[in-house]
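Here the structure is laid out as structure tokens; the discussion comes afterwards.
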Amino acid sequence: MADTPHTNSQRTEILLVRDLDHLDDDAHQIERAATLIRQGKLVAFPTETVYGLGADATNVAAVAGIFAAKERPRTDPLIVHLADDADMARVASSVPAAAERLAERFWPGPLTLVVPRAPLIPALVAAGGATVGVRVPAHPVARALIRAAGVPIAAPSANRFMHTSPTTAAHVLADLDGRIAAILDAGPCPVGVESTVVDLTSDPPLLLRPGGITLEMLRTELPTIALPARHSAPIDQASESPGAATDSPLQRAPGQMERHYAPQARMIVFDGVGMAARQAVAAEVAAGLAAGERVGALVPDEEEPTLREAGAEVMSLGPAADLPEIARRLYGGLRALDAAGVDCIVAHTFGEAGLGLALSDRLRRAAGGRLRQLPSS
Ligand code: TXA
Ligand code: MG
């Protein structure tokens with residue numbers, strides 16, 4: 001456990017896993033990480049979504065260490081990671097039929113199911129609530145670690161509270177070096193945004209956080225799934241006017257803060273795609289530069305040359321049509337622009353279809369809960 005996490009007093013061991021196709025070559029690294037978990041220590045590890053900060057979910061002191069290392073308030077519940085679907089019955093006091101179906105279809109994978117919490121899982125994991133979020137990650141290193149540890153692993157994203165989620169080991173170390181016992185480094189995360197969270201204890205079931213398993217995919221198994229007010233309201237209600245949207249419907253999911261995933265730089269996100277969105281971004285970039293600011297832009301490849309020529313620092317995210325690639329690069333791009341010390345970061349959303357819903361959600365949060373409307377033409 002991280003005894004004095006604020007003093008950065010421990011040395012964080014870096015446990016390298018070089019080849020996902022030959023995990024046996026680095027089995028000793030996974031075994032070392034599992035031993036640390038069993039001892040109640042904190043170990044960051046890769047999942048297919050983002051890096052997690054793991055601890056034995058059944059050990060209250062270890063779980064308390066997660067909150068301390070991240071400086072995360074205890075009102076924000078943690079996800080419990082399992083090696084196999086069958087383990088859900090150990091951490092859930094009952095398994096709703098819909099949870100069974102979704103697990104069967106989408107696990108292992110980037111989907112978290114909120115189910116009634118069993119006594120094996122301490123209340124602290126669940127922010128004192130009667131439910132617990134569980135998932136079986138698809139990343140081979142995550143599964144090997146959970147299996148070797150022999151306990152369910154509680155893990156939030158391995159960033160300091162209110163920082164951008166980490167998609168590489170370097171991102172984790174930038175936030176938590178010296179505060180955690182070890183990190184398993186297996187390269188960049190293939191999905192790049194956090195898991196979809198679905199609450200199966202409410203009727204109808206609710207999509208609490210869009211993610212790698214899309215709403216369209218969920219509807220094929222769960223036609224009644226509903227969106228909390230935030231997502232079902234037209235996004236323009238979440239725009240401009242000060243105070244609007246910041247404190248409304250996020251309460252449904254504990255921990256779903258509006259200001260989250262946030263860079264230091266001022267974030268300006270236009271709500272829209274296509275030519276109008278490109279033009280709005282270009283105009284905002286030009287205005288910032290004209291005001292003497294250092295301006296960053298986080299945009300698809302197609303928009304890079306013009307903005308770079310104008311004088312912006314650009315992180316391109318991949319082709320506009322390739323949303324999985326954009327998701328993989330989003331957080332790294334945010335971190336890189338922030339590290340470059342720009343005054344503001346300008347971006348636009350990616351629609352609501354497929355992964356676009358998750359991308360737009362994360363961009364809106366990075367902008368403190370507010371999206372800008374495109375100027376009407
Ligand atoms: O992809 C992911 O989900 C990553 C990797 C590491 O698995 N984890 C992650 O954890 O993003 P975290 O703690 O950063 O976000 C978990 C969020 C919470 O903030 C909360 O909104 C929701 O999941 N959540 C967890 N347990 C819940 C519960 N019992 N009821 C409602 N929401 C819950
Ligand atoms: Mg997080």
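The way I read the labels, and the way they are meant: chains A, B, ... in the order of the structure tokens, residue 1 as the first residue of every chain, and ligand 1 as the first ligand shown, with later ones counted on from there.
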
Please identify the residues whose atoms come within 6 Å of ligand 1, using only C-alpha atoms and all ligand atoms, and report them as a PDB file with all heavy atoms, in the first residue's frame.
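Written file, out27.pdb:
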ATOM      1  N   THR A  49      -8.337  -0.062 -22.937  1.00  0.00           N
ATOM      2  CA  THR A  49      -8.856   1.310 -22.997  1.00  0.00           C
ATOM      3  C   THR A  49      -7.782   2.311 -22.614  1.00  0.00           C
ATOM      4  O   THR A  49      -7.302   3.075 -23.459  1.00  0.00           O
ATOM      5  CB  THR A  49     -10.069   1.460 -22.064  1.00  0.00           C
ATOM      6  OG1 THR A  49      -9.675   1.118 -20.732  1.00  0.00           O
ATOM      7  CG2 THR A  49     -11.223   0.589 -22.527  1.00  0.00           C
ATOM      8  N   VAL A  50      -7.424   2.329 -21.332  1.00  0.00           N
ATOM      9  CA  VAL A  50      -6.394   3.224 -20.803  1.00  0.00           C
ATOM     10  C   VAL A  50      -5.646   2.436 -19.728  1.00  0.00           C
ATOM     11  O   VAL A  50      -6.076   1.348 -19.342  1.00  0.00           O
ATOM     12  CB  VAL A  50      -7.032   4.505 -20.182  1.00  0.00           C
ATOM     13  CG1 VAL A  50      -7.828   5.288 -21.230  1.00  0.00           C
ATOM     14  CG2 VAL A  50      -7.921   4.180 -18.975  1.00  0.00           C
ATOM     15  N   TYR A  51      -4.540   2.984 -19.225  1.00  0.00           N
ATOM     16  CA  TYR A  51      -3.846   2.319 -18.113  1.00  0.00           C
ATOM     17  C   TYR A  51      -4.682   2.474 -16.839  1.00  0.00           C
ATOM     18  O   TYR A  51      -5.254   3.529 -16.586  1.00  0.00           O
ATOM     19  CB  TYR A  51      -2.448   2.914 -17.895  1.00  0.00           C
ATOM     20  CG  TYR A  51      -1.389   2.265 -18.768  1.00  0.00           C
ATOM     21  CD1 TYR A  51      -1.292   2.584 -20.123  1.00  0.00           C
ATOM     22  CD2 TYR A  51      -0.500   1.323 -18.247  1.00  0.00           C
ATOM     23  CE1 TYR A  51      -0.330   1.973 -20.933  1.00  0.00           C
ATOM     24  CE2 TYR A  51       0.464   0.714 -19.042  1.00  0.00           C
ATOM     25  CZ  TYR A  51       0.545   1.034 -20.380  1.00  0.00           C
ATOM     26  OH  TYR A  51       1.491   0.420 -21.165  1.00  0.00           O
ATOM     27  N   GLY A  52      -4.730   1.383 -16.054  1.00  0.00           N
ATOM     28  CA  GLY A  52      -5.444   1.411 -14.789  1.00  0.00           C
ATOM     29  C   GLY A  52      -4.463   1.443 -13.628  1.00  0.00           C
ATOM     30  O   GLY A  52      -3.304   1.030 -13.759  1.00  0.00           O
ATOM     31  N   ASP A  76     -16.085   8.914  -5.576  1.00  0.00           N
ATOM     32  CA  ASP A  76     -16.002   8.491  -6.978  1.00  0.00           C
ATOM     33  C   ASP A  76     -15.669   6.990  -7.021  1.00  0.00           C
ATOM     34  O   ASP A  76     -14.557   6.599  -6.672  1.00  0.00           O
ATOM     35  CB  ASP A  76     -14.898   9.336  -7.645  1.00  0.00           C
ATOM     36  CG  ASP A  76     -14.904   9.224  -9.147  1.00  0.00           C
ATOM     37  OD1 ASP A  76     -15.661   8.397  -9.689  1.00  0.00           O
ATOM     38  OD2 ASP A  76     -14.124   9.950  -9.792  1.00  0.00           O
ATOM     39  N   PRO A  77     -16.635   6.137  -7.392  1.00  0.00           N
ATOM     40  CA  PRO A  77     -16.443   4.685  -7.263  1.00  0.00           C
ATOM     41  C   PRO A  77     -15.449   4.104  -8.271  1.00  0.00           C
ATOM     42  O   PRO A  77     -15.235   4.661  -9.346  1.00  0.00           O
ATOM     43  CB  PRO A  77     -17.847   4.128  -7.521  1.00  0.00           C
ATOM     44  CG  PRO A  77     -18.517   5.150  -8.373  1.00  0.00           C
ATOM     45  CD  PRO A  77     -17.950   6.484  -7.956  1.00  0.00           C
ATOM     46  N   LEU A  78     -14.858   2.961  -7.909  1.00  0.00           N
ATOM     47  CA  LEU A  78     -13.841   2.314  -8.746  1.00  0.00           C
ATOM     48  C   LEU A  78     -14.451   1.128  -9.493  1.00  0.00           C
ATOM     49  O   LEU A  78     -15.386   0.489  -9.022  1.00  0.00           O
ATOM     50  CB  LEU A  78     -12.703   1.784  -7.866  1.00  0.00           C
ATOM     51  CG  LEU A  78     -12.063   2.783  -6.913  1.00  0.00           C
ATOM     52  CD1 LEU A  78     -10.982   2.077  -6.079  1.00  0.00           C
ATOM     53  CD2 LEU A  78     -11.463   3.952  -7.687  1.00  0.00           C
ATOM     54  N   ILE A  79     -13.871   0.827 -10.641  1.00  0.00           N
ATOM     55  CA  ILE A  79     -14.282  -0.352 -11.407  1.00  0.00           C
ATOM     56  C   ILE A  79     -13.475  -1.563 -10.942  1.00  0.00           C
ATOM     57  O   ILE A  79     -12.255  -1.470 -10.742  1.00  0.00           O
ATOM     58  CB  ILE A  79     -14.063  -0.098 -12.916  1.00  0.00           C
ATOM     59  CG1 ILE A  79     -14.999   1.022 -13.397  1.00  0.00           C
ATOM     60  CG2 ILE A  79     -14.282  -1.385 -13.716  1.00  0.00           C
ATOM     61  CD1 ILE A  79     -14.704   1.509 -14.811  1.00  0.00           C
ATOM     62  N   VAL A 114     -22.659  -2.044 -14.206  1.00  0.00           N
ATOM     63  CA  VAL A 114     -22.961  -1.705 -12.806  1.00  0.00           C
ATOM     64  C   VAL A 114     -24.049  -2.658 -12.322  1.00  0.00           C
ATOM     65  O   VAL A 114     -25.142  -2.715 -12.903  1.00  0.00           O
ATOM     66  CB  VAL A 114     -23.386  -0.229 -12.667  1.00  0.00           C
ATOM     67  CG1 VAL A 114     -23.851   0.072 -11.245  1.00  0.00           C
ATOM     68  CG2 VAL A 114     -22.223   0.687 -13.060  1.00  0.00           C
ATOM     69  N   ALA A 126     -16.939   1.138  -3.885  1.00  0.00           N
ATOM     70  CA  ALA A 126     -18.161   1.601  -4.537  1.00  0.00           C
ATOM     71  C   ALA A 126     -18.612   2.962  -4.020  1.00  0.00           C
ATOM     72  O   ALA A 126     -19.784   3.320  -4.175  1.00  0.00           O
ATOM     73  CB  ALA A 126     -19.258   0.573  -4.333  1.00  0.00           C
ATOM     74  N   THR A 131     -23.979  -0.704  -5.252  1.00  0.00           N
ATOM     75  CA  THR A 131     -23.676  -1.308  -6.550  1.00  0.00           C
ATOM     76  C   THR A 131     -22.171  -1.356  -6.761  1.00  0.00           C
ATOM     77  O   THR A 131     -21.408  -0.720  -6.038  1.00  0.00           O
ATOM     78  CB  THR A 131     -24.291  -0.481  -7.700  1.00  0.00           C
ATOM     79  OG1 THR A 131     -23.665   0.814  -7.715  1.00  0.00           O
ATOM     80  CG2 THR A 131     -25.797  -0.324  -7.529  1.00  0.00           C
ATOM     81  N   VAL A 132     -21.755  -2.111  -7.777  1.00  0.00           N
ATOM     82  CA  VAL A 132     -20.334  -2.126  -8.140  1.00  0.00           C
ATOM     83  C   VAL A 132     -20.221  -2.204  -9.665  1.00  0.00           C
ATOM     84  O   VAL A 132     -21.014  -2.870 -10.323  1.00  0.00           O
ATOM     85  CB  VAL A 132     -19.595  -3.299  -7.448  1.00  0.00           C
ATOM     86  CG1 VAL A 132     -20.150  -4.648  -7.879  1.00  0.00           C
ATOM     87  CG2 VAL A 132     -18.093  -3.218  -7.718  1.00  0.00           C
ATOM     88  N   GLY A 133     -19.249  -1.472 -10.189  1.00  0.00           N
ATOM     89  CA  GLY A 133     -18.961  -1.528 -11.624  1.00  0.00           C
ATOM     90  C   GLY A 133     -17.929  -2.614 -11.868  1.00  0.00           C
ATOM     91  O   GLY A 133     -16.897  -2.644 -11.195  1.00  0.00           O
ATOM     92  N   ALA A 155      -9.517  -0.775 -10.147  1.00  0.00           N
ATOM     93  CA  ALA A 155      -8.615   0.116 -10.877  1.00  0.00           C
ATOM     94  C   ALA A 155      -9.361   1.261 -11.554  1.00  0.00           C
ATOM     95  O   ALA A 155     -10.149   1.036 -12.463  1.00  0.00           O
ATOM     96  CB  ALA A 155      -7.824  -0.656 -11.928  1.00  0.00           C
ATOM     97  N   PRO A 156      -9.078   2.483 -11.122  1.00  0.00           N
ATOM     98  CA  PRO A 156      -9.484   3.644 -11.899  1.00  0.00           C
ATOM     99  C   PRO A 156      -8.416   3.902 -12.952  1.00  0.00           C
ATOM    100  O   PRO A 156      -7.388   3.223 -12.971  1.00  0.00           O
ATOM    101  CB  PRO A 156      -9.484   4.763 -10.859  1.00  0.00           C
ATOM    102  CG  PRO A 156      -8.360   4.381  -9.932  1.00  0.00           C
ATOM    103  CD  PRO A 156      -8.331   2.851  -9.909  1.00  0.00           C
ATOM    104  N   SER A 157      -8.629   4.856 -13.816  1.00  0.00           N
ATOM    105  CA  SER A 157      -7.579   5.263 -14.741  1.00  0.00           C
ATOM    106  C   SER A 157      -6.381   5.771 -13.930  1.00  0.00           C
ATOM    107  O   SER A 157      -6.552   6.398 -12.885  1.00  0.00           O
ATOM    108  CB  SER A 157      -8.098   6.345 -15.681  1.00  0.00           C
ATOM    109  OG  SER A 157      -8.702   7.395 -14.950  1.00  0.00           O
ATOM    110  N   GLU A 194     -11.865   5.516 -22.212  1.00  0.00           N
ATOM    111  CA  GLU A 194     -12.307   4.609 -21.162  1.00  0.00           C
ATOM    112  C   GLU A 194     -13.511   3.775 -21.588  1.00  0.00           C
ATOM    113  O   GLU A 194     -14.235   4.118 -22.521  1.00  0.00           O
ATOM    114  CB  GLU A 194     -12.669   5.397 -19.892  1.00  0.00           C
ATOM    115  CG  GLU A 194     -11.556   6.277 -19.344  1.00  0.00           C
ATOM    116  CD  GLU A 194     -11.507   7.636 -20.019  1.00  0.00           C
ATOM    117  OE1 GLU A 194     -12.156   7.835 -21.067  1.00  0.00           O
ATOM    118  OE2 GLU A 194     -10.806   8.508 -19.476  1.00  0.00           O
ATOM    119  N   SER A 195     -13.745   2.728 -20.807  1.00  0.00           N
ATOM    120  CA  SER A 195     -14.830   1.790 -21.126  1.00  0.00           C
ATOM    121  C   SER A 195     -16.208   2.455 -21.075  1.00  0.00           C
ATOM    122  O   SER A 195     -16.413   3.444 -20.371  1.00  0.00           O
ATOM    123  CB  SER A 195     -14.807   0.622 -20.125  1.00  0.00           C
ATOM    124  OG  SER A 195     -15.063   1.075 -18.811  1.00  0.00           O
ATOM    125  N   ALA A 253     -24.365   9.366 -12.486  1.00  0.00           N
ATOM    126  CA  ALA A 253     -23.191   8.516 -12.353  1.00  0.00           C
ATOM    127  C   ALA A 253     -22.247   9.178 -11.376  1.00  0.00           C
ATOM    128  O   ALA A 253     -21.697  10.214 -11.660  1.00  0.00           O
ATOM    129  CB  ALA A 253     -22.491   8.349 -13.689  1.00  0.00           C
ATOM    130  N   PRO A 254     -22.049   8.544 -10.201  1.00  0.00           N
ATOM    131  CA  PRO A 254     -21.111   9.135  -9.271  1.00  0.00           C
ATOM    132  C   PRO A 254     -19.765   9.282  -9.972  1.00  0.00           C
ATOM    133  O   PRO A 254     -19.339   8.379 -10.676  1.00  0.00           O
ATOM    134  CB  PRO A 254     -21.021   8.110  -8.145  1.00  0.00           C
ATOM    135  CG  PRO A 254     -22.007   7.036  -8.444  1.00  0.00           C
ATOM    136  CD  PRO A 254     -22.538   7.233  -9.814  1.00  0.00           C
ATOM    137  N   GLY A 255     -19.133  10.388  -9.794  1.00  0.00           N
ATOM    138  CA  GLY A 255     -17.807  10.544 -10.375  1.00  0.00           C
ATOM    139  C   GLY A 255     -17.817  11.079 -11.790  1.00  0.00           C
ATOM    140  O   GLY A 255     -16.765  11.362 -12.347  1.00  0.00           O
ATOM    141  N   GLN A 256     -18.997  11.238 -12.368  1.00  0.00           N
ATOM    142  CA  GLN A 256     -19.032  11.749 -13.746  1.00  0.00           C
ATOM    143  C   GLN A 256     -18.983  13.281 -13.727  1.00  0.00           C
ATOM    144  O   GLN A 256     -19.931  13.950 -14.089  1.00  0.00           O
ATOM    145  CB  GLN A 256     -20.303  11.262 -14.457  1.00  0.00           C
ATOM    146  CG  GLN A 256     -20.255   9.777 -14.751  1.00  0.00           C
ATOM    147  CD  GLN A 256     -19.385   9.443 -15.939  1.00  0.00           C
ATOM    148  OE1 GLN A 256     -19.654   9.838 -17.055  1.00  0.00           O
ATOM    149  NE2 GLN A 256     -18.292   8.743 -15.700  1.00  0.00           N
TER     150      GLN A 256
END

* **Env. residues ligand 2 / 8 Å / only C-alpha atoms and all ligand atoms / as a ChimeraX atom specification** => /A:156-159,161-162,164-165,194,260-261

Might you pull out every residue within 6 Å of Ala62 (chain A), with only C-alpha atoms counted and same-chain residues fewer than 3 positions away left off, and present them as a PyMOL selection string?
-> chain A and resi 1+40+55+59+65

Output N, CA, C and O atoms for every residue in the selection just made, as an mmCIF file, in the first residue's frame.
data_model
loop_
_atom_site.group_PDB
_atom_site.id
_atom_site.type_symbol
_atom_site.label_atom_id
_atom_site.label_comp_id
_atom_site.auth_asym_id
_atom_site.auth_seq_id
_atom_site.Cartn_x
_atom_site.Cartn_y
_atom_site.Cartn_z
ATOM 1 N N MET A 1 0.848 -1.202 0.000
ATOM 2 C CA MET A 1 0.000 0.000 0.000
ATOM 3 C C MET A 1 0.877 1.242 0.000
ATOM 4 O O MET A 1 1.946 1.272 0.599
ATOM 5 N N GLY A 40 -0.877 -5.984 -1.273
ATOM 6 C CA GLY A 40 -1.632 -4.763 -0.954
ATOM 7 C C GLY A 40 -1.036 -3.508 -1.554
ATOM 8 O O GLY A 40 -1.405 -2.396 -1.180
ATOM 9 N N ALA A 55 -5.266 -2.257 -7.495
ATOM 10 C CA ALA A 55 -5.022 -2.771 -6.144
ATOM 11 C C ALA A 55 -5.997 -3.916 -5.905
ATOM 12 O O ALA A 55 -7.022 -4.010 -6.581
ATOM 13 N N ASN A 59 -9.131 -5.733 -0.471
ATOM 14 C CA ASN A 59 -8.274 -5.234 0.612
ATOM 15 C C ASN A 59 -8.536 -3.731 0.797
ATOM 16 O O ASN A 59 -8.112 -2.907 -0.014
ATOM 17 N N GLY A 65 -5.335 3.223 -0.646
ATOM 18 C CA GLY A 65 -4.105 3.707 -1.272
ATOM 19 C C GLY A 65 -4.343 4.271 -2.665
ATOM 20 O O GLY A 65 -3.693 5.239 -3.068
#

Backbone DSSP call of strand (DSSP E or B) for region 26-228 of chain A, listed as a CSV table (one decimal) with N, CA, C and O atoms, in the first residue's frame:
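The result, stored in states-v7.csv:
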chain,number,residue,atom,x,y,z
A,43,VAL,N,-0.3,-1.1,-8.4
A,43,VAL,CA,0.4,-1.4,-9.6
A,43,VAL,C,-0.4,-0.9,-10.8
A,43,VAL,O,-1.6,-1.2,-10.9
A,44,ALA,N,0.2,0.0,-11.6
A,44,ALA,CA,-0.5,0.4,-12.8
A,44,ALA,C,-0.3,-0.6,-13.9
A,44,ALA,O,0.8,-1.3,-14.0
A,45,PHE,N,-1.3,-0.8,-14.7
A,45,PHE,CA,-1.2,-1.9,-15.8
A,45,PHE,C,-2.0,-1.5,-17.0
A,45,PHE,O,-3.0,-0.7,-16.9
A,46,PRO,N,-1.7,-2.0,-18.2
A,46,PRO,CA,-2.4,-1.6,-19.4
A,46,PRO,C,-3.7,-2.4,-19.5
A,46,PRO,O,-3.8,-3.5,-19.1
A,51,TYR,N,-4.5,3.0,-19.2
A,51,TYR,CA,-3.8,2.3,-18.1
A,51,TYR,C,-4.7,2.5,-16.8
A,51,TYR,O,-5.3,3.5,-16.6
A,52,GLY,N,-4.7,1.4,-16.1
A,52,GLY,CA,-5.4,1.4,-14.8
A,52,GLY,C,-4.5,1.4,-13.6
A,52,GLY,O,-3.3,1.0,-13.8
A,53,LEU,N,-4.9,2.0,-12.5
A,53,LEU,CA,-4.1,1.9,-11.3
A,53,LEU,C,-4.7,0.9,-10.3
A,53,LEU,O,-5.8,1.1,-9.7
A,54,GLY,N,-4.1,-0.3,-10.3
A,54,GLY,CA,-4.7,-1.4,-9.7
A,54,GLY,C,-4.3,-1.7,-8.2
A,54,GLY,O,-3.2,-1.4,-7.8
A,55,ALA,N,-5.3,-2.3,-7.5
A,55,ALA,CA,-5.0,-2.8,-6.1
A,55,ALA,C,-6.0,-3.9,-5.9
A,55,ALA,O,-7.0,-4.0,-6.6
A,56,ASP,N,-5.7,-4.8,-4.9
A,56,ASP,CA,-6.6,-5.9,-4.6
A,56,ASP,C,-7.9,-5.3,-4.1
A,56,ASP,O,-8.0,-4.6,-3.1
A,79,ILE,N,-13.9,0.8,-10.6
A,79,ILE,CA,-14.3,-0.4,-11.4
A,79,ILE,C,-13.5,-1.6,-10.9
A,79,ILE,O,-12.3,-1.5,-10.7
A,80,VAL,N,-14.2,-2.7,-10.8
A,80,VAL,CA,-13.5,-3.9,-10.4
A,80,VAL,C,-13.2,-4.8,-11.7
A,80,VAL,O,-14.2,-5.0,-12.4
A,81,HIS,N,-12.0,-5.1,-11.8
A,81,HIS,CA,-11.6,-5.9,-13.0
A,81,HIS,C,-11.4,-7.4,-12.7
A,81,HIS,O,-10.8,-7.7,-11.7
A,92,ALA,N,-20.8,-9.7,-7.5
A,92,ALA,CA,-22.2,-9.2,-7.5
A,92,ALA,C,-23.1,-10.0,-6.6
A,92,ALA,O,-22.9,-11.2,-6.6
A,111,LEU,N,-16.3,-2.6,-21.7
A,111,LEU,CA,-17.7,-2.4,-21.2
A,111,LEU,C,-17.7,-2.7,-19.7
A,111,LEU,O,-17.3,-3.8,-19.2
A,112,THR,N,-18.2,-1.7,-18.9
A,112,THR,CA,-18.3,-1.9,-17.5
A,112,THR,C,-19.8,-2.0,-17.1
A,112,THR,O,-20.6,-1.2,-17.6
A,113,LEU,N,-20.1,-3.0,-16.3
A,113,LEU,CA,-21.5,-3.3,-16.0
A,113,LEU,C,-21.7,-2.9,-14.5
A,113,LEU,O,-21.0,-3.4,-13.6
A,114,VAL,N,-22.7,-2.0,-14.2
A,114,VAL,CA,-23.0,-1.7,-12.8
A,114,VAL,C,-24.0,-2.7,-12.3
A,114,VAL,O,-25.1,-2.7,-12.9
A,115,VAL,N,-23.7,-3.4,-11.3
A,115,VAL,CA,-24.6,-4.5,-10.8
A,115,VAL,C,-24.6,-4.4,-9.2
A,115,VAL,O,-23.8,-3.7,-8.7
A,116,PRO,N,-25.5,-5.1,-8.6
A,116,PRO,CA,-25.6,-5.1,-7.1
A,116,PRO,C,-24.3,-5.6,-6.5
A,116,PRO,O,-23.8,-6.6,-7.0
A,117,ARG,N,-23.8,-4.9,-5.5
A,117,ARG,CA,-22.5,-5.3,-4.9
A,117,ARG,C,-22.6,-6.4,-3.9
A,117,ARG,O,-23.4,-6.4,-3.0
A,131,THR,N,-24.0,-0.7,-5.3
A,131,THR,CA,-23.7,-1.3,-6.6
A,131,THR,C,-22.2,-1.4,-6.8
A,131,THR,O,-21.4,-0.7,-6.0
A,132,VAL,N,-21.8,-2.1,-7.8
A,132,VAL,CA,-20.3,-2.1,-8.1
A,132,VAL,C,-20.2,-2.2,-9.7
A,132,VAL,O,-21.0,-2.9,-10.3
A,133,GLY,N,-19.2,-1.5,-10.2
A,133,GLY,CA,-19.0,-1.5,-11.6
A,133,GLY,C,-17.9,-2.6,-11.9
A,133,GLY,O,-16.9,-2.6,-11.2
A,134,VAL,N,-18.2,-3.5,-12.8
A,134,VAL,CA,-17.3,-4.6,-13.1
A,134,VAL,C,-17.0,-4.8,-14.6
A,134,VAL,O,-17.9,-4.5,-15.4
A,135,ARG,N,-15.8,-5.2,-14.9
A,135,ARG,CA,-15.5,-5.5,-16.3
A,135,ARG,C,-14.4,-6.5,-16.4
A,135,ARG,O,-13.5,-6.7,-15.5
A,153,ILE,N,-9.3,-7.0,-9.2
A,153,ILE,CA,-8.4,-5.8,-9.1
A,153,ILE,C,-9.3,-4.6,-9.3
A,153,ILE,O,-9.8,-4.4,-10.4
A,154,ALA,N,-9.3,-3.7,-8.3
A,154,ALA,CA,-10.0,-2.4,-8.4
A,154,ALA,C,-9.0,-1.5,-9.1
A,154,ALA,O,-7.9,-1.4,-8.8
A,157,SER,N,-8.6,4.9,-13.8
A,157,SER,CA,-7.6,5.3,-14.7
A,157,SER,C,-6.4,5.8,-13.9
A,157,SER,O,-6.6,6.4,-12.9
A,182,ALA,N,4.7,-0.1,-8.7
A,182,ALA,CA,5.2,-0.5,-10.0
A,182,ALA,C,4.2,-0.2,-11.1
A,182,ALA,O,3.1,0.1,-10.9
A,183,ILE,N,4.8,-0.3,-12.4
A,183,ILE,CA,3.9,-0.2,-13.5
A,183,ILE,C,4.3,-1.3,-14.5
A,183,ILE,O,5.5,-1.5,-14.8
A,184,LEU,N,3.3,-2.0,-15.0
A,184,LEU,CA,3.6,-2.9,-16.1
A,184,LEU,C,3.4,-2.1,-17.4
A,184,LEU,O,2.4,-1.5,-17.7
A,185,ASP,N,4.5,-2.0,-18.2
A,185,ASP,CA,4.5,-1.2,-19.4
A,185,ASP,C,4.5,-2.2,-20.6
A,185,ASP,O,5.4,-2.9,-20.9
A,196,THR,N,-17.1,1.9,-21.8
A,196,THR,CA,-18.5,2.2,-21.7
A,196,THR,C,-19.0,1.7,-20.4
A,196,THR,O,-18.7,0.6,-19.9
A,197,VAL,N,-19.8,2.6,-19.7
A,197,VAL,CA,-20.4,2.2,-18.4
A,197,VAL,C,-21.9,2.1,-18.5
A,197,VAL,O,-22.6,3.1,-18.9
A,198,VAL,N,-22.5,0.9,-18.2
A,198,VAL,CA,-24.0,0.7,-18.2
A,198,VAL,C,-24.5,0.3,-16.9
A,198,VAL,O,-23.9,-0.6,-16.3
A,199,ASP,N,-25.5,1.0,-16.4
A,199,ASP,CA,-26.1,0.7,-15.1
A,199,ASP,C,-27.2,-0.2,-15.3
A,199,ASP,O,-28.3,0.2,-15.9
A,206,LEU,N,-29.2,2.3,-17.9
A,206,LEU,CA,-28.7,3.6,-18.3
A,206,LEU,C,-27.3,3.5,-18.8
A,206,LEU,O,-26.5,2.8,-18.2
A,207,LEU,N,-27.1,4.2,-19.9
A,207,LEU,CA,-25.7,4.4,-20.4
A,207,LEU,C,-25.1,5.6,-19.6
A,207,LEU,O,-25.4,6.7,-19.8
A,208,LEU,N,-24.2,5.2,-18.6
A,208,LEU,CA,-23.6,6.3,-17.8
A,208,LEU,C,-22.4,7.0,-18.4
A,208,LEU,O,-22.1,8.1,-18.1
A,209,ARG,N,-21.7,6.2,-19.3
A,209,ARG,CA,-20.5,6.8,-19.9
A,209,ARG,C,-20.4,6.1,-21.3
A,209,ARG,O,-20.3,4.9,-21.3
A,226,ALA,N,-31.3,3.5,-21.9
A,226,ALA,CA,-31.6,5.0,-22.0
A,226,ALA,C,-30.4,5.8,-21.7
A,226,ALA,O,-29.4,5.3,-21.1

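The residue that comes closest to Leu307 (chain A), out of A:Val346, A:Gly332, A:Ala321, A:Gly272 and on the basis of only C-alpha atoms, is A:Val346.
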
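Taking CA of Ala68 (chain A) and CA of Leu176 (chain A) as the two end points, the separation is 10.9 Å.
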
Report task. Pick out each residue of region 40-221 of chain A that DSSP on the backbone tags as alpha helix (DSSP H); I need them as a PyMOL selection string. Result -> chain A and resi 60-70+88-91+97-106+140-149+169-176+215-221

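Considering only C-alpha atoms, the residue among A:Arg101, A:His163, A:Arg18, A:Arg294 positioned nearest to Asp343 (chain A) is A:Arg294.
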
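When only C-alpha atoms are used to measure the gap to Ala367 (chain A), the shortest distance among A:Ala181, A:Met267, A:Val314, A:Ala276 belongs to A:Met267.
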
Legend entry - Polymer residues at most 10 Å from Glu313 (chain A), only C-alpha atoms, same-chain spacing of 5 or more positions, as a VMD selection string: chain A and resid 285 294 to 298 304 307 to 308 337 340 342 345

Would you save the residues of that selection, restricted to C-alpha atoms, as a compact mmCIF listing (two decimals), in the first residue's frame?
# COMPACT_ATOMS: atom_id res chain seq x y z
CA VAL A 285 -7.11 29.63 -34.17
CA ARG A 294 0.15 30.28 -28.36
CA VAL A 295 -2.61 28.26 -29.90
CA GLY A 296 -2.86 24.46 -30.07
CA ALA A 297 -5.18 22.53 -32.36
CA LEU A 298 -6.33 18.93 -31.90
CA GLU A 304 -3.41 19.92 -40.07
CA LEU A 307 -3.64 25.28 -39.24
CA ARG A 308 0.09 24.62 -39.01
CA LEU A 337 -0.26 20.09 -26.44
CA ALA A 340 4.02 22.23 -25.06
CA VAL A 342 -0.01 26.40 -25.32
CA ILE A 345 -6.43 24.16 -27.44

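Here the question is which of A:Gly129, A:Gly211, A:Pro228, A:Gly150 gets nearest to Ala33 (chain A) using only C-alpha atoms, and that residue is A:Gly150.
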